[in-house]
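K.L.:
Handing over query.pdb, PDB, C-alpha atoms and all ligand atoms.
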ATOM      1  CA  MET A 131      60.575 -31.055 288.952
ATOM      2  CA  GLU A 132      59.049 -32.475 285.815
ATOM      3  CA  LYS A 133      57.155 -35.698 286.276
ATOM      4  CA  TYR A 134      56.313 -38.406 283.788
ATOM      5  CA  CYS A 135      53.667 -41.076 283.867
ATOM      6  CA  GLN A 136      55.430 -44.252 285.020
ATOM      7  CA  ALA A 137      53.352 -46.461 282.770
ATOM      8  CA  CYS A 138      53.413 -44.591 279.452
ATOM      9  CA  GLY A 139      56.019 -41.826 279.762
ATOM     10  CA  MET A 140      53.611 -38.960 279.111
ATOM     11  CA  PRO A 141      54.801 -35.673 280.666
ATOM     12  CA  LEU A 142      52.626 -34.643 283.610
ATOM     13  CA  THR A 143      52.683 -30.885 283.324
ATOM     14  CA  LYS A 144      49.285 -29.755 284.580
ATOM     15  CA  LYS A 145      46.797 -30.944 287.158
ATOM     16  CA  GLU A 146      44.460 -32.373 284.530
ATOM     17  CA  ASP A 147      47.228 -34.637 283.182
ATOM     18  CA  PHE A 148      47.367 -36.606 286.425
ATOM     19  CA  ALA A 149      45.240 -39.621 287.235
ATOM     20  CA  ASN A 150      42.075 -38.302 288.900
ATOM     21  CA  GLY A 151      43.622 -34.819 288.907
ATOM     22  CA  ASP A 152      45.837 -35.883 291.825
ATOM     23  CA  GLU A 153      49.231 -34.228 291.499
ATOM     24  CA  ASN A 154      50.778 -36.748 293.875
ATOM     25  CA  SER A 155      49.997 -39.531 291.432
ATOM     26  CA  ASN A 156      52.759 -41.077 289.323
ATOM     27  CA  PHE A 157      50.363 -41.915 286.508
ATOM     28  CA  CYS A 158      48.500 -39.993 283.840
ATOM     29  CA  LEU A 159      44.734 -39.885 283.374
ATOM     30  CA  TYR A 160      44.909 -42.386 280.492
ATOM     31  CA  CYS A 161      46.657 -45.133 282.460
ATOM     32  CA  VAL A 162      44.296 -45.605 285.399
ATOM     33  CA  ASN A 163      40.824 -47.065 285.778
ATOM     34  CA  GLU A 164      37.990 -45.160 287.414
ATOM     35  CA  ASP A 165      38.772 -46.833 290.746
ATOM     36  CA  GLY A 166      42.352 -45.498 290.621
ATOM     37  CA  SER A 167      44.046 -48.800 289.795
ATOM     38  CA  VAL A 168      46.603 -48.826 286.984
ATOM     39  CA  LYS A 169      45.351 -50.377 283.765
ATOM     40  CA  SER A 170      46.715 -53.653 282.467
ATOM     41  CA  CYS A 171      49.748 -53.877 280.260
ATOM     42  CA  GLU A 172      47.503 -54.879 277.338
ATOM     43  CA  ASP A 173      45.235 -51.856 277.786
ATOM     44  CA  ILE A 174      48.096 -49.373 278.049
ATOM     45  CA  PHE A 175      49.874 -51.015 275.112
ATOM     46  CA  GLU A 176      46.732 -50.765 272.981
ATOM     47  CA  GLY A 177      46.201 -47.126 273.988
ATOM     48  CA  GLY A 178      49.735 -46.348 272.871
ATOM     49  CA  VAL A 179      49.215 -48.177 269.577
ATOM     50  CA  GLN A 180      46.053 -46.174 268.904
ATOM     51  CA  TYR A 181      47.907 -42.941 269.672
ATOM     52  CA  PHE A 182      50.799 -43.722 267.318
ATOM     53  CA  MET A 183      48.427 -44.947 264.599
ATOM     54  CA  SER A 184      46.540 -41.653 264.773
ATOM     55  CA  GLN A 185      49.866 -39.890 264.199
ATOM     56  CA  LEU A 186      51.329 -42.297 261.650
ATOM     57  CA  GLY A 187      48.369 -42.975 259.401
ATOM     58  CA  ASP A 188      47.231 -46.413 260.581
ATOM     59  CA  ASP A 189      50.620 -48.131 260.327
ATOM     60  CA  ARG A 190      49.901 -50.679 263.052
ATOM     61  CA  ALA A 191      53.146 -52.641 262.708
ATOM     62  CA  LEU A 192      55.212 -49.510 263.213
ATOM     63  CA  ALA A 193      52.936 -48.288 266.014
ATOM     64  CA  GLU A 194      53.403 -51.567 267.928
ATOM     65  CA  LYS A 195      57.172 -51.378 267.523
ATOM     66  CA  MET A 196      57.140 -47.817 268.847
ATOM     67  CA  VAL A 197      55.020 -48.681 271.881
ATOM     68  CA  ARG A 198      57.232 -51.669 272.755
ATOM     69  CA  LYS A 199      60.284 -49.450 272.584
ATOM     70  CA  ASN A 200      58.638 -46.744 274.667
ATOM     71  CA  MET A 201      57.370 -49.106 277.371
ATOM     72  CA  SER A 202      60.657 -51.044 277.491
ATOM     73  CA  GLN A 203      62.367 -47.824 278.549
ATOM     74  CA  LEU A 204      60.086 -47.329 281.548
ATOM     75  CA  PRO A 205      61.224 -48.902 284.852
ATOM     76  CA  TYR A 206      57.589 -49.593 285.768
ATOM     77  CA  TRP A 207      57.380 -52.468 283.242
ATOM     78  CA  LYS A 208      60.782 -54.013 284.020
ATOM     79  CA  ASP A 209      59.536 -56.549 286.549
ATOM     80  CA  LYS A 210      56.122 -57.099 284.972
ATOM     81  CA  ASN A 211      55.483 -60.184 282.919
ATOM     82  CA  CYS A 212      53.802 -58.820 279.879
ATOM     83  CA  ASP A 213      53.410 -61.097 276.861
ATOM     84  CA  ILE A 214      52.406 -58.311 274.532
ATOM     85  CA  MET A 215      55.835 -56.749 275.012
ATOM     86  CA  ASN A 216      57.484 -59.752 273.367
ATOM     87  CA  GLY A 217      57.816 -58.870 269.733
ATOM     88  CA  GLU A 218      59.458 -56.589 267.279
ATOM     89  CA  MET A 219      60.720 -53.320 268.722
ATOM     90  CA  ALA A 220      61.807 -50.060 267.127
ATOM     91  CA  THR A 221      65.544 -49.369 267.146
ATOM     92  CA  ASP A 222      66.882 -46.230 268.842
ATOM     93  CA  GLU A 223      67.241 -44.610 265.416
ATOM     94  CA  GLU A 224      63.734 -45.555 264.273
ATOM     95  CA  PHE A 225      62.262 -44.371 267.560
ATOM     96  CA  ALA A 226      63.988 -40.992 267.405
ATOM     97  CA  GLU A 227      63.109 -40.578 263.733
ATOM     98  CA  VAL A 228      59.405 -41.274 264.272
ATOM     99  CA  LEU A 229      59.209 -38.986 267.301
ATOM    100  CA  LYS A 230      60.760 -36.229 265.234
ATOM    101  CA  ARG A 231      58.277 -36.905 262.434
ATOM    102  CA  ILE A 232      55.210 -36.639 264.688
ATOM    103  CA  GLY A 233      56.742 -33.696 266.602
TER
HETATM  104 ZN    ZN A 301      50.193 -42.856 281.319
END
Rewrite the structure from the file as structure tokens, please.
Ligand SMILES: [Zn+2]
P.N.:
Amino acid sequence: MEKYCQACGMPLTKKEDFANGDENSNFCLYCVNEDGSVKSCEDIFEGGVQYFMSQLGDDRALAEKMVRKNMSQLPYWKDKNCDIMNGEMATDEEFAEVLKRIG
């Protein structure tokens, strides 16, 4: 069964993708600290923004909208109070279009 990181949605397809290489983990290597704890909302948000900016040519406004949309779809963040998530969000169409563009 295919697993996804609960905090960022990244597919966990090989051992190295998992936090600390632990295939029982529900998180990817990017979303945990060295002690195994899950990073803060702000850290994971910023990591996502940096990823999208690297793909979209430094369009930070669009990158933030994409990350908000992505994280809002993940059950992990539903009950977390996360200020950085309050803001402009990509629409379904925008989200799909950008994902297609960055392939
Ligand atoms: Zn992750």
K.L.:
Check which residues satisfy the PyMOL selection byres (((chain A and resi 162) around 12) and not hetatm) in the file shown, then give them as a PyMOL selection string.
P.N.:
chain A and resi 135-138+147-152+155-161+163-171+173-174+177
K.L.:
Might you spell out which residues the PyMOL selection byres (((chain A and resi 191) around 12) and not hetatm) would select in the displayed file, as a PDB file with C-alpha atoms, in the frame of the given file?
P.N.:
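Okay, this is what ended up in selection-v4.pdb:
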ATOM      1  CA  VAL A 179      49.215 -48.177 269.577  1.00  0.00           C
ATOM      2  CA  GLN A 180      46.053 -46.174 268.904  1.00  0.00           C
ATOM      3  CA  PHE A 182      50.799 -43.722 267.318  1.00  0.00           C
ATOM      4  CA  MET A 183      48.427 -44.947 264.599  1.00  0.00           C
ATOM      5  CA  LEU A 186      51.329 -42.297 261.650  1.00  0.00           C
ATOM      6  CA  GLY A 187      48.369 -42.975 259.401  1.00  0.00           C
ATOM      7  CA  ASP A 188      47.231 -46.413 260.581  1.00  0.00           C
ATOM      8  CA  ASP A 189      50.620 -48.131 260.327  1.00  0.00           C
ATOM      9  CA  ARG A 190      49.901 -50.679 263.052  1.00  0.00           C
ATOM     10  CA  LEU A 192      55.212 -49.510 263.213  1.00  0.00           C
ATOM     11  CA  ALA A 193      52.936 -48.288 266.014  1.00  0.00           C
ATOM     12  CA  GLU A 194      53.403 -51.567 267.928  1.00  0.00           C
ATOM     13  CA  LYS A 195      57.172 -51.378 267.523  1.00  0.00           C
ATOM     14  CA  MET A 196      57.140 -47.817 268.847  1.00  0.00           C
ATOM     15  CA  VAL A 197      55.020 -48.681 271.881  1.00  0.00           C
ATOM     16  CA  ARG A 198      57.232 -51.669 272.755  1.00  0.00           C
ATOM     17  CA  GLY A 217      57.816 -58.870 269.733  1.00  0.00           C
ATOM     18  CA  GLU A 218      59.458 -56.589 267.279  1.00  0.00           C
ATOM     19  CA  MET A 219      60.720 -53.320 268.722  1.00  0.00           C
ATOM     20  CA  ALA A 220      61.807 -50.060 267.127  1.00  0.00           C
TER      21      ALA A 220
END
K.L.:
Within 8 Å of (52.6, -57.2, 273.1), in the coordinates the file gives, what residues turn up when you count all atoms listed in the file, written out as JSON, numbers by chain?
P.N.:
{"A": [172, 175, 194, 198, 212, 213, 214, 215, 216, 217]}
K.L.:
Tell me, in Å to one decimal, how far atom CA of A:Gly233 is from atom CA of A:Gly139.
P.N.:
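Calculated distance between atom CA of A:Gly233 and atom CA of A:Gly139 is 15.5 Å.
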K.L.:
Nearest to ligand ZN 301 (chain A) among A:Met201, A:Ser184, A:Lys144, A:Glu132, with distances taken over all atoms listed in the file: which residue is it?
P.N.:
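That would be A:Met201, the residue with the smallest distance to ligand ZN 301 (chain A).
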K.L.:
From the list A:Glu153, A:Ser202, A:Leu142, A:Arg231, which residue is nearest ligand ZN 301 (chain A) when using all atoms listed in the file?
P.N.:
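Looking only at the distances to ligand ZN 301 (chain A), the closest residue turns out to be A:Leu142.
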K.L.:
When you draw a straight line from atom CA of A:Lys145 to atom CA of A:Lys133, how long is it in Å?
P.N.:
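Distance reported for this atom pair: 11.4 Å.
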K.L.:
What does the distance from atom CA of A:Pro141 to atom ZN of ligand ZN 301 (chain A) come to in Å, to one decimal?
P.N.:
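Distance reported for this atom pair: 8.6 Å.
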